[in-house]
Amino acid sequence: MNSSAQTTKVSGKIVDAITREPLPFVNIIFKGTTIGATSDIEGKYTISATVKVDSLVISYIGYTKVTRAVKYGITQEINIGLSQGIELAAIEVRPGENPAHRILRKIIANKDKNDREKYNYYEYEVYNKVEFDLNNLSEDFQNKKLLKPFSFIFDNIDSSNTKEKPYLPVFMTESLSDFYYRKNPKTRNEKIKASKVAGVENASVSQFMGDMYQNVNIYDNNILVFGKNFISPISDNALLFYKFYLIDSIVIDGHKCYQLQFKPRRKQELTFTGNLWAADTSFAIKQIEMSIADDANINFINATNVVQTYIQVDSLWMMEKERLVIDFNPFPIEQKNKNLMGIYGRKTASYNNFKINKPKDDKFYSMTENLVVAEDAFEKNEDFWDKNRHDTLSKNEKQIYHMVDTLQSLPVYKTWIDVLQIFVTGYKVKGNFEYGPYYNMFSFNTIEGNRFRFGVRTSNQFSKWYELSGYLAYGTRDEQFKYKLGIRAFIDKKPRTMVGLYYKNDNEILGQSQNGFTTDNILASVLRITPLRNLTRVKEVNAYIEREWFTGFNTKLSFYNRQMFPLANFHYEYQKNSNQIAYKDKITTSEIRVLARLAYNEKYIDGAFTRTSLGTHYPIVQAQYTLGIKNLFNSDYDYHKLVVNVDDRIRINPIGYFDYILEYGKIWNKTPYPLLELHGGNETYTYDPYAYNSMNFYEFVSDEYASASIQHHFDGFFLNRIPLMRKLKWREVVGGKALIGRVNAENKKLLLFPDHLYELNRGPFFEANVGIENIFKVFRLDGVYRLSYLDNPRVTPFSIRFSFQFSF
């Protein structure tokens with residue numbers, strides 16, 4: 001050995017020359033030697049040699065190989081931008097088996113040993129950081145007059161390379177959690193002990209950004225991304241969907257690893273493209289980087305990249321770091337339009353303090369409250385974060401918090417937020433009050449004529465514990481005022497417990513689908529197929545108490561007193577004797593209702609008083625019992641009613657997903673038709689998934705019934721295979737609805753059925769639909785076929801319905 005040999009040490013960062021995103025697992029080698037290294041998940045690398053060297057060779061699949069000169073004998077920093085280039089075709093070994101397939105089969109065979117979900121117990125600390133950036137901000141955009149008050153934020157644009165998309169960091173959140181897993185019975189508990197969100201202090205935002213909501217497990221056969229089931233490159237049937245190539249073998253952290261490259265076999269399937277490194281002997285995934293295939297049938301996404309690295313802990317494999325980068329295009333037009341502003345979403349996560357198979361007491365693991373935000377999570381100071389975050393913040397990241405605080409102090413920013421809130425919620429916020437919703441301010445129908453309505457409710461500024469609300473409406477034809485007043489308030493927020501009291505004097509369509517437009521929605525007026533003639537005047541008192549016992553399970557106890565008055569040409573008629581028909585001017589009921597809803601592990605985002613559900617992987621079960629009490633507040637009838645329904649989504653890769661809704665209902669004791677189940681029809685041009693779209697309002701009634709609704713969304717499974725249709729990215733949907741029911745003979749005698757109201761006494765009601773969704777990414781068109789009771793009046797055997805839907 002030459003004692004005078006000098007050490008050459010090179011470190012730096014490797015990024016994509018265009019997007020400036022870090023490139024992980026890039027191969028770096030001193031030219032003419034066997035001394036090499038790979039970049040880490042952040043694209044950083046370090047390599048050193050004591051032999052004489054003069055250059056580095058940097059190579060990465062899909063990028064042009066580059067060589068960089070180095071200075072011998074000193075420590076230096078060399079940052080490198082790689083450009084995407086023409087990739088050399090991989091060589092398949094013939095005759096005999098592709099060696100990549102042999103390695104893949106061993107990876108699949110060892111999944112149960114290496115998937116952390118198969119371990120009995122584990123826990124770790126996880127640090128999550130999520131950032132959103134605006135990208136592609138042109139000078140014209142920055143110079144718009146409307147944006148002049150915000151000009152200071154453009155000083156923070158990162159454009160260190162003229163070839164990249166300039167991006168502006170606008171939002172960031174950090175969280176630090178302890179995560180606990182138990183295999184049997186399976187529980188996942190996360191305790192978020194610290195959270196920091198730029199401009200927001202909302203526990204549900206912190207929950208959503210935690211580890212449990214945002215998790216990609218490469219060992220799962222199917223990986224749910226943006227509500228779409230993607231085939232994992234190491235799924236049990238991966239060879240049906242991917243081509244694999246053995247690229248190289250390399251030593252990483254003391255483990256000999258095989259590098260496999262994978263590509264989709266067919267166009268536009270929900271698959272990935274990328275590279276994985278599997279450890280020899282254990283065949284566990286040591287590293288993986290993958291991107292959603294460029295032509296995958298998914299909306300609003302230009303690109304998505306996932307990078308994960310794993311570490312061996314007590315002979316078992318755990319994820320050590322993860323990086324997720326998404327390039328969003330929020331506009332429902334061609335995604336590859338490079339002149340449009342987009343959004344970068346970046347998530348980085350790091351894991352440490354692992355404990356494997358060290359169980360805690362059974363009482364520690366909660367089957368219900370699986371995600372908890374500590375009460376002091378938002379109160380952690382900078383010293384805490386400096387000591388506990390797993391990595392340091394970049395200069396841009398540090399500026400985000402200051403920039404958002406400054407931004408929110410500007411009056412013009414508040415104006416923009418008001419405009420956005422009007423669009424999303426329908427309400428205009430002004431101090432302590434909110435006015436709206438705007439889409440109910442004017443409507444029209446044949447009974448009321450032109451209807452004008454003014455509504456108001458208290459804002460979050462007024463109180464986050466109770467809300468007062470009401471509206472006043474007037475019809476120019478019936479010359480009648482209608483109104484509603486009420487209050488709802490929290491008794492407690494942990495657990496979520498709310499009470500409400502409302503009085504309403506207004507018109508209703510009895511039996512209308514809860515998903516349908518309200519009677520006074522302007523869209524209902526414009527899109528109505530036939531004149532509205534089935535309104536009932538309702539005076540109603542409603543009081544309730546609602547409690548969430550644990551996440552996904554809530555109950556509601558309600559009291560209703562309702563007076564119903566028929567309008568226009570409708571009358572409540574009954575047979576007084578064989579020769580005389582009499583009229584009843586109104587029906588009065590007093591009801592106690594008990595509702596229970598179970599949506600296990602449901603995810604949601606909280607508003608001040610309302611929630612937005614993000615769904616659950618489990619069936620949603622709901623049951624409601626109603627007790628009608630005669631003579632209570634002048635109630636006319638005694639009766640019992642029970643309704644039970646189940647709805648669920650079943651994902652069936654690769655042919656999309658299947659939605660179903662099953663419902664059963666029964667009413668006991670003598671009850672007139674307005675109190676029975678008036679099955680929900682639809683007399684608008686829109687498609688309502690919860691209504692019978694070929695049925696009219698007030699067409700069918702039952703006191704005992706069962707229904708089923710099924711919809712299968714193929715996600716382009718067939719159309720993706722037709723070259724002329726592939727670019728449109730349309731998606732197929734088929735479905736059907738069935739309904740059986742009956743009316744007890746005693747109930748028919750209480751009130752005479754009006755014209756065109758029938759019982760289902762000639763067999764089930766059937767309808768089917770065939771449609772195309774994802775037209776222009778937001779539009780759905782259905783052909784609806786009515787298959788039974790075709791001889792009823794005003795029936796259309798075939799009709800076209802449309803709807804808007806925003807989905808990835």
# chains A, B, ... in the order shown; residues from 1 in each chain; ligands from 1

call {"tool": "select_by_dssp", "arguments": {"residues": "range 524-752 of chain A", "states": "helix (DSSP H, G or I)", "output": "PDB file with N, CA and C atoms, in the first residue's frame"}}
result
ATOM      1  N   ALA A 524     -83.025  22.168 -10.045  1.00  0.00           N
ATOM      2  CA  ALA A 524     -84.213  21.325 -10.120  1.00  0.00           C
ATOM      3  C   ALA A 524     -85.275  21.967 -11.002  1.00  0.00           C
ATOM      4  N   SER A 525     -85.390  23.275 -10.919  1.00  0.00           N
ATOM      5  CA  SER A 525     -86.368  23.977 -11.751  1.00  0.00           C
ATOM      6  C   SER A 525     -85.992  23.900 -13.229  1.00  0.00           C
ATOM      7  N   VAL A 526     -84.727  24.141 -13.530  1.00  0.00           N
ATOM      8  CA  VAL A 526     -84.266  24.188 -14.919  1.00  0.00           C
ATOM      9  C   VAL A 526     -84.264  22.802 -15.555  1.00  0.00           C
ATOM     10  N   LEU A 527     -83.906  21.787 -14.790  1.00  0.00           N
ATOM     11  CA  LEU A 527     -83.711  20.446 -15.353  1.00  0.00           C
ATOM     12  C   LEU A 527     -84.912  19.527 -15.162  1.00  0.00           C
ATOM     13  N   LEU A 632    -100.615  12.006  20.597  1.00  0.00           N
ATOM     14  CA  LEU A 632     -99.548  12.852  21.108  1.00  0.00           C
ATOM     15  C   LEU A 632     -99.443  14.089  20.216  1.00  0.00           C
ATOM     16  N   PHE A 633     -99.738  15.245  20.762  1.00  0.00           N
ATOM     17  CA  PHE A 633     -99.778  16.493  19.983  1.00  0.00           C
ATOM     18  C   PHE A 633    -100.696  16.333  18.766  1.00  0.00           C
ATOM     19  N   ASN A 634    -101.884  15.761  19.011  1.00  0.00           N
ATOM     20  CA  ASN A 634    -102.947  15.608  18.011  1.00  0.00           C
ATOM     21  C   ASN A 634    -102.567  14.645  16.887  1.00  0.00           C
ATOM     22  N   TYR A 673    -101.404   6.137   2.985  1.00  0.00           N
ATOM     23  CA  TYR A 673    -100.305   6.122   2.009  1.00  0.00           C
ATOM     24  C   TYR A 673     -99.277   7.252   2.189  1.00  0.00           C
ATOM     25  N   PRO A 674     -99.652   8.493   2.631  1.00  0.00           N
ATOM     26  CA  PRO A 674     -98.584   9.499   2.763  1.00  0.00           C
ATOM     27  C   PRO A 674     -97.522   9.119   3.807  1.00  0.00           C
ATOM     28  N   LEU A 675     -97.856   8.185   4.709  1.00  0.00           N
ATOM     29  CA  LEU A 675     -96.906   7.776   5.741  1.00  0.00           C
ATOM     30  C   LEU A 675     -96.221   6.459   5.395  1.00  0.00           C
ATOM     31  N   LEU A 719     -62.869  -0.133 -23.127  1.00  0.00           N
ATOM     32  CA  LEU A 719     -62.573   0.960 -24.058  1.00  0.00           C
ATOM     33  C   LEU A 719     -61.073   1.222 -24.173  1.00  0.00           C
ATOM     34  N   ASN A 720     -60.316   0.914 -23.123  1.00  0.00           N
ATOM     35  CA  ASN A 720     -58.866   1.099 -23.190  1.00  0.00           C
ATOM     36  C   ASN A 720     -58.216   0.206 -24.239  1.00  0.00           C
ATOM     37  N   ARG A 721     -58.911  -0.833 -24.643  1.00  0.00           N
ATOM     38  CA  ARG A 721     -58.361  -1.782 -25.613  1.00  0.00           C
ATOM     39  C   ARG A 721     -58.741  -1.449 -27.044  1.00  0.00           C
ATOM     40  N   PRO A 723     -58.140   1.149 -29.895  1.00  0.00           N
ATOM     41  CA  PRO A 723     -57.194   2.244 -30.190  1.00  0.00           C
ATOM     42  C   PRO A 723     -57.853   3.594 -30.405  1.00  0.00           C
ATOM     43  N   LEU A 724     -58.972   3.637 -31.116  1.00  0.00           N
ATOM     44  CA  LEU A 724     -59.607   4.911 -31.415  1.00  0.00           C
ATOM     45  C   LEU A 724     -60.246   5.548 -30.178  1.00  0.00           C
ATOM     46  N   MET A 725     -60.561   4.722 -29.172  1.00  0.00           N
ATOM     47  CA  MET A 725     -61.222   5.229 -27.970  1.00  0.00           C
ATOM     48  C   MET A 725     -60.239   5.481 -26.833  1.00  0.00           C
ATOM     49  N   ARG A 726     -59.047   4.927 -26.943  1.00  0.00           N
ATOM     50  CA  ARG A 726     -58.118   4.916 -25.815  1.00  0.00           C
ATOM     51  C   ARG A 726     -57.770   6.320 -25.329  1.00  0.00           C
ATOM     52  N   ALA A 745    -104.073  -4.650   2.809  1.00  0.00           N
ATOM     53  CA  ALA A 745    -105.427  -4.263   2.390  1.00  0.00           C
ATOM     54  C   ALA A 745    -106.028  -3.227   3.333  1.00  0.00           C
ATOM     55  N   GLU A 746    -105.710  -3.314   4.628  1.00  0.00           N
ATOM     56  CA  GLU A 746    -106.259  -2.348   5.587  1.00  0.00           C
ATOM     57  C   GLU A 746    -105.740  -0.937   5.320  1.00  0.00           C
ATOM     58  N   ASN A 747    -104.502  -0.848   4.889  1.00  0.00           N
ATOM     59  CA  ASN A 747    -103.929   0.479   4.630  1.00  0.00           C
ATOM     60  C   ASN A 747    -104.533   1.139   3.401  1.00  0.00           C
ATOM     61  N   LYS A 748    -105.002   0.338   2.455  1.00  0.00           N
ATOM     62  CA  LYS A 748    -105.627   0.913   1.253  1.00  0.00           C
ATOM     63  C   LYS A 748    -106.963   1.578   1.575  1.00  0.00           C
ATOM     64  N   LYS A 749    -107.598   1.164   2.681  1.00  0.00           N
ATOM     65  CA  LYS A 749    -108.923   1.670   3.001  1.00  0.00           C
ATOM     66  C   LYS A 749    -108.890   3.009   3.741  1.00  0.00           C
ATOM     67  N   LEU A 750    -107.733   3.327   4.348  1.00  0.00           N
ATOM     68  CA  LEU A 750    -107.669   4.543   5.159  1.00  0.00           C
ATOM     69  C   LEU A 750    -107.822   5.798   4.317  1.00  0.00           C
TER      70      LEU A 750
END

call {"tool": "closest_residue", "arguments": {"among": "A:Glu289, A:Glu548, A:Asp755, A:Asp606", "to": "Glu573 in chain A", "atoms": "only C-alpha atoms"}}
result
A:Asp755

call {"tool": "closest_residue", "arguments": {"among": "A:Lys603, A:Asn229, A:Tyr438, A:Lys193", "to": "Glu375 in chain A", "atoms": "only C-alpha atoms"}}
result
A:Lys193

call {"tool": "residues_around", "arguments": {"residues": "Ile772 in chain A", "least_positions_apart": "3", "cutoff": "12 Å", "atoms": "only C-alpha atoms", "output": "PyMOL selection string"}}
result
chain A and resi 712-716+718-719+725+728-735+769+775-783+800-805

call {"tool": "residues_around", "arguments": {"residues": "Val66 in chain A", "least_positions_apart": "5", "cutoff": "10 Å", "atoms": "only C-alpha atoms", "output": "list in words"}}
result
Ile28, Leu56, Val57, Ile58, Ser59, Tyr60, Ile80, Gly81, Leu82 and Ser83 of chain A

call {"tool": "write_last_selection", "arguments": {"atoms": "N, CA and C atoms", "output": "CSV table (one decimal), in the first residue's frame"}}
result
chain,number,residue,atom,x,y,z
A,28,ILE,N,-23.5,5.4,-9.0
A,28,ILE,CA,-22.3,6.3,-9.1
A,28,ILE,C,-21.1,5.5,-9.0
A,56,LEU,N,-16.3,10.7,-12.4
A,56,LEU,CA,-17.4,9.9,-11.9
A,56,LEU,C,-18.3,9.6,-13.1
A,57,VAL,N,-18.9,8.4,-13.1
A,57,VAL,CA,-19.8,7.9,-14.1
A,57,VAL,C,-21.2,7.8,-13.4
A,58,ILE,N,-22.2,8.4,-13.8
A,58,ILE,CA,-23.5,8.4,-13.2
A,58,ILE,C,-24.5,7.8,-14.2
A,59,SER,N,-25.2,6.7,-13.8
A,59,SER,CA,-26.1,6.1,-14.7
A,59,SER,C,-27.4,5.7,-13.9
A,60,TYR,N,-28.5,5.8,-14.7
A,60,TYR,CA,-29.8,5.6,-14.1
A,60,TYR,C,-30.8,5.1,-15.2
A,80,ILE,N,-25.7,17.1,-9.6
A,80,ILE,CA,-25.9,16.6,-11.0
A,80,ILE,C,-27.3,16.6,-11.3
A,81,GLY,N,-27.6,17.1,-12.5
A,81,GLY,CA,-29.0,17.0,-13.1
A,81,GLY,C,-29.0,16.1,-14.3
A,82,LEU,N,-29.8,15.0,-14.2
A,82,LEU,CA,-29.8,14.0,-15.2
A,82,LEU,C,-31.0,14.3,-16.1
A,83,SER,N,-30.8,14.1,-17.4
A,83,SER,CA,-31.8,14.3,-18.4
A,83,SER,C,-32.4,13.0,-18.9

call {"tool": "closest_residue", "arguments": {"among": "A:Lys355, A:Lys464, A:Arg528, A:Arg457", "to": "Phe490 in chain A", "atoms": "only C-alpha atoms"}}
result
A:Lys464

call {"tool": "closest_residue", "arguments": {"among": "A:Met564, A:Ile652, A:Gln421, A:Arg786", "to": "Asn222 in chain A", "atoms": "only C-alpha atoms"}}
result
A:Ile652

call {"tool": "atom_distance", "arguments": {"atom1": "CA of Leu316 in chain A", "atom2": "CA of Asp178 in chain A"}}
result
19.3 Å

call {"tool": "residues_around", "arguments": {"residues": "Ala37 in chain A", "least_positions_apart": "4", "cutoff": "8 Å", "atoms": "only C-alpha atoms", "output": "VMD selection string"}}
result
chain A and resid 27 to 29 45 to 47

call {"tool": "write_last_selection", "arguments": {"atoms": "all heavy atoms", "output": "CSV table (one decimal), in the first residue's frame"}}
result
chain,number,residue,atom,x,y,z
A,27,ASN,N,-26.9,5.0,-9.7
A,27,ASN,CA,-25.6,4.3,-9.6
A,27,ASN,C,-24.5,5.4,-9.9
A,27,ASN,O,-24.5,6.0,-10.9
A,27,ASN,CB,-25.5,3.2,-10.6
A,27,ASN,CG,-26.5,2.1,-10.3
A,27,ASN,OD1,-26.6,1.7,-9.1
A,27,ASN,ND2,-27.1,1.5,-11.3
A,28,ILE,N,-23.5,5.4,-9.0
A,28,ILE,CA,-22.3,6.3,-9.1
A,28,ILE,C,-21.1,5.5,-9.0
A,28,ILE,O,-21.0,4.7,-8.0
A,28,ILE,CB,-22.3,7.4,-8.0
A,28,ILE,CG1,-23.7,8.2,-8.1
A,28,ILE,CG2,-21.2,8.4,-8.3
A,28,ILE,CD1,-24.5,7.9,-6.9
A,29,ILE,N,-20.2,5.6,-9.9
A,29,ILE,CA,-18.9,4.8,-9.8
A,29,ILE,C,-17.8,5.7,-10.3
A,29,ILE,O,-17.9,6.6,-11.2
A,29,ILE,CB,-19.1,3.6,-10.7
A,29,ILE,CG1,-17.9,2.6,-10.5
A,29,ILE,CG2,-19.2,3.9,-12.2
A,29,ILE,CD1,-18.1,1.2,-11.1
A,45,TYR,N,-25.7,11.6,-2.2
A,45,TYR,CA,-24.8,10.5,-2.3
A,45,TYR,C,-23.4,11.0,-1.7
A,45,TYR,O,-23.1,12.2,-1.6
A,45,TYR,CB,-24.6,10.1,-3.8
A,45,TYR,CG,-23.8,11.1,-4.6
A,45,TYR,CD1,-22.4,10.9,-4.8
A,45,TYR,CD2,-24.4,12.2,-5.2
A,45,TYR,CE1,-21.6,11.8,-5.5
A,45,TYR,CE2,-23.6,13.1,-5.9
A,45,TYR,CZ,-22.3,12.9,-6.1
A,45,TYR,OH,-21.5,13.8,-6.8
A,46,THR,N,-22.6,10.0,-1.4
A,46,THR,CA,-21.2,10.2,-0.9
A,46,THR,C,-20.4,9.0,-1.4
A,46,THR,O,-20.8,7.9,-1.3
A,46,THR,CB,-21.1,10.3,0.6
A,46,THR,OG1,-21.9,11.4,1.1
A,46,THR,CG2,-19.7,10.6,1.0
A,47,ILE,N,-19.3,9.3,-2.0
A,47,ILE,CA,-18.4,8.3,-2.5
A,47,ILE,C,-17.0,8.7,-2.3
A,47,ILE,O,-16.6,9.9,-2.4
A,47,ILE,CB,-18.7,8.0,-4.0
A,47,ILE,CG1,-17.8,6.8,-4.5
A,47,ILE,CG2,-18.5,9.2,-4.9
A,47,ILE,CD1,-18.2,6.3,-5.9

call {"tool": "atom_distance", "arguments": {"atom1": "CA of Pro566 in chain A", "atom2": "CA of Thr796 in chain A"}}
result
26.6 Å

call {"tool": "residues_around", "arguments": {"residues": "Asn370 in chain A", "least_positions_apart": "6", "cutoff": "7 Å", "atoms": "only C-alpha atoms", "output": "PyMOL selection string"}}
result
chain A and resi 188-190

call {"tool": "residues_around", "arguments": {"residues": "Thr304 in chain A", "least_positions_apart": "5", "cutoff": "10 Å", "atoms": "only C-alpha atoms", "output": "JSON, numbers by chain"}}
result
{"A": [225, 272, 290, 291, 292, 293, 294, 324, 325, 326, 327, 328, 344, 345, 346]}

call {"tool": "write_last_selection", "arguments": {"atoms": "all heavy atoms", "output": "short mmCIF file (atom, residue, chain, number, x, y, z; two decimals), in the first residue's frame"}}
result
data_model
loop_
_atom_site.label_atom_id
_atom_site.label_comp_id
_atom_site.auth_asym_id
_atom_site.auth_seq_id
_atom_site.Cartn_x
_atom_site.Cartn_y
_atom_site.Cartn_z
N VAL A 225 -54.73 4.05 -4.77
CA VAL A 225 -54.17 5.38 -5.00
C VAL A 225 -55.27 6.25 -5.61
O VAL A 225 -55.80 5.93 -6.67
CB VAL A 225 -52.95 5.34 -5.95
CG1 VAL A 225 -52.37 6.74 -6.14
CG2 VAL A 225 -51.89 4.38 -5.43
N PHE A 272 -47.76 0.48 -12.60
CA PHE A 272 -46.61 1.34 -12.36
C PHE A 272 -45.47 0.98 -13.31
O PHE A 272 -45.48 -0.07 -13.95
CB PHE A 272 -46.10 1.16 -10.92
CG PHE A 272 -47.10 1.49 -9.86
CD1 PHE A 272 -47.89 0.50 -9.28
CD2 PHE A 272 -47.25 2.79 -9.41
CE1 PHE A 272 -48.81 0.80 -8.29
CE2 PHE A 272 -48.16 3.11 -8.41
CZ PHE A 272 -48.95 2.11 -7.86
N MET A 290 -41.03 3.85 -8.07
CA MET A 290 -42.00 3.56 -9.12
C MET A 290 -42.88 4.77 -9.36
O MET A 290 -43.10 5.60 -8.47
CB MET A 290 -42.85 2.34 -8.76
CG MET A 290 -43.66 2.47 -7.49
SD MET A 290 -44.47 0.90 -7.09
CE MET A 290 -45.49 1.43 -5.69
N SER A 291 -43.37 4.84 -10.59
CA SER A 291 -44.25 5.93 -11.01
C SER A 291 -45.49 5.34 -11.66
O SER A 291 -45.42 4.26 -12.28
CB SER A 291 -43.55 6.87 -12.00
OG SER A 291 -42.39 7.43 -11.43
N ILE A 292 -46.60 6.03 -11.51
CA ILE A 292 -47.81 5.61 -12.23
C ILE A 292 -47.52 5.69 -13.72
O ILE A 292 -46.94 6.66 -14.21
CB ILE A 292 -49.00 6.51 -11.86
CG1 ILE A 292 -49.43 6.22 -10.41
CG2 ILE A 292 -50.17 6.30 -12.80
CD1 ILE A 292 -50.56 7.11 -9.92
N ALA A 293 -47.90 4.65 -14.46
CA ALA A 293 -47.67 4.62 -15.90
C ALA A 293 -48.22 5.88 -16.55
O ALA A 293 -49.31 6.35 -16.20
CB ALA A 293 -48.31 3.37 -16.51
N ASP A 294 -47.47 6.43 -17.49
CA ASP A 294 -47.83 7.71 -18.10
C ASP A 294 -49.23 7.71 -18.70
O ASP A 294 -49.93 8.73 -18.67
CB ASP A 294 -46.82 8.08 -19.20
CG ASP A 294 -45.49 8.50 -18.61
OD1 ASP A 294 -45.45 8.83 -17.42
OD2 ASP A 294 -44.49 8.49 -19.36
N LEU A 324 -43.21 10.50 -1.60
CA LEU A 324 -44.29 10.48 -2.58
C LEU A 324 -44.39 11.86 -3.21
O LEU A 324 -44.52 12.86 -2.50
CB LEU A 324 -45.61 10.10 -1.91
CG LEU A 324 -46.89 10.19 -2.74
CD1 LEU A 324 -46.85 9.18 -3.88
CD2 LEU A 324 -48.11 9.97 -1.87
N VAL A 325 -44.30 11.92 -4.53
CA VAL A 325 -44.40 13.19 -5.25
C VAL A 325 -45.50 13.06 -6.30
O VAL A 325 -45.51 12.11 -7.08
CB VAL A 325 -43.07 13.57 -5.94
CG1 VAL A 325 -43.22 14.90 -6.68
CG2 VAL A 325 -41.95 13.67 -4.91
N ILE A 326 -46.43 14.02 -6.30
CA ILE A 326 -47.55 14.00 -7.23
C ILE A 326 -47.60 15.33 -7.97
O ILE A 326 -47.53 16.40 -7.35
CB ILE A 326 -48.89 13.77 -6.50
CG1 ILE A 326 -48.81 12.51 -5.64
CG2 ILE A 326 -50.03 13.66 -7.49
CD1 ILE A 326 -49.87 12.46 -4.57
N ASP A 327 -47.69 15.26 -9.27
CA ASP A 327 -47.85 16.46 -10.10
C ASP A 327 -49.31 16.52 -10.53
O ASP A 327 -49.74 15.78 -11.43
CB ASP A 327 -46.92 16.39 -11.32
CG ASP A 327 -46.94 17.68 -12.14
OD1 ASP A 327 -47.67 18.61 -11.77
OD2 ASP A 327 -46.23 17.73 -13.17
N PHE A 328 -50.09 17.36 -9.85
CA PHE A 328 -51.52 17.48 -10.13
C PHE A 328 -51.77 18.47 -11.26
O PHE A 328 -51.09 19.49 -11.36
CB PHE A 328 -52.28 17.99 -8.90
CG PHE A 328 -52.33 17.05 -7.75
CD1 PHE A 328 -51.44 17.19 -6.69
CD2 PHE A 328 -53.27 16.03 -7.69
CE1 PHE A 328 -51.49 16.34 -5.60
CE2 PHE A 328 -53.31 15.18 -6.60
CZ PHE A 328 -52.43 15.32 -5.56
N TYR A 344 -47.78 20.67 -7.23
CA TYR A 344 -46.95 19.58 -6.73
C TYR A 344 -47.44 19.22 -5.32
O TYR A 344 -47.60 20.10 -4.47
CB TYR A 344 -45.48 19.98 -6.62
CG TYR A 344 -44.70 19.96 -7.90
CD1 TYR A 344 -43.75 20.95 -8.16
CD2 TYR A 344 -44.86 18.95 -8.84
CE1 TYR A 344 -43.00 20.94 -9.32
CE2 TYR A 344 -44.12 18.93 -10.01
CZ TYR A 344 -43.20 19.93 -10.25
OH TYR A 344 -42.46 19.91 -11.41
N GLY A 345 -47.63 17.94 -5.07
CA GLY A 345 -47.85 17.46 -3.71
C GLY A 345 -46.69 16.57 -3.34
O GLY A 345 -46.34 15.66 -4.10
N ARG A 346 -46.05 16.83 -2.21
CA ARG A 346 -44.88 16.05 -1.81
C ARG A 346 -45.09 15.56 -0.37
O ARG A 346 -45.41 16.34 0.51
CB ARG A 346 -43.61 16.90 -1.85
CG ARG A 346 -43.40 17.70 -3.12
CD ARG A 346 -42.31 18.74 -2.88
NE ARG A 346 -42.26 19.74 -3.93
CZ ARG A 346 -41.43 19.70 -4.97
NH1 ARG A 346 -40.58 18.70 -5.07
NH2 ARG A 346 -41.43 20.64 -5.89
#

call {"tool": "select_by_dssp", "arguments": {"residues": "range 371-493 of chain A", "states": "strand (DSSP E or B)", "output": "ChimeraX atom specification"}}
result
/A:371-373,428-430,433-435,442-445,449-458,466-475,481-493

call {"tool": "closest_residue", "arguments": {"among": "A:Lys363, A:His571, A:Lys183, A:His255", "to": "Pro754 in chain A", "atoms": "only C-alpha atoms"}}
result
A:His571

call {"tool": "atom_distance", "arguments": {"atom1": "CA of Arg611 in chain A", "atom2": "CA of Asp659 in chain A"}}
result
22.2 Å

call {"tool": "closest_residue", "arguments": {"among": "A:Ile234, A:Ile223, A:Leu787, A:Ala284", "to": "Lys113 in chain A", "atoms": "only C-alpha atoms"}}
result
A:Ala284
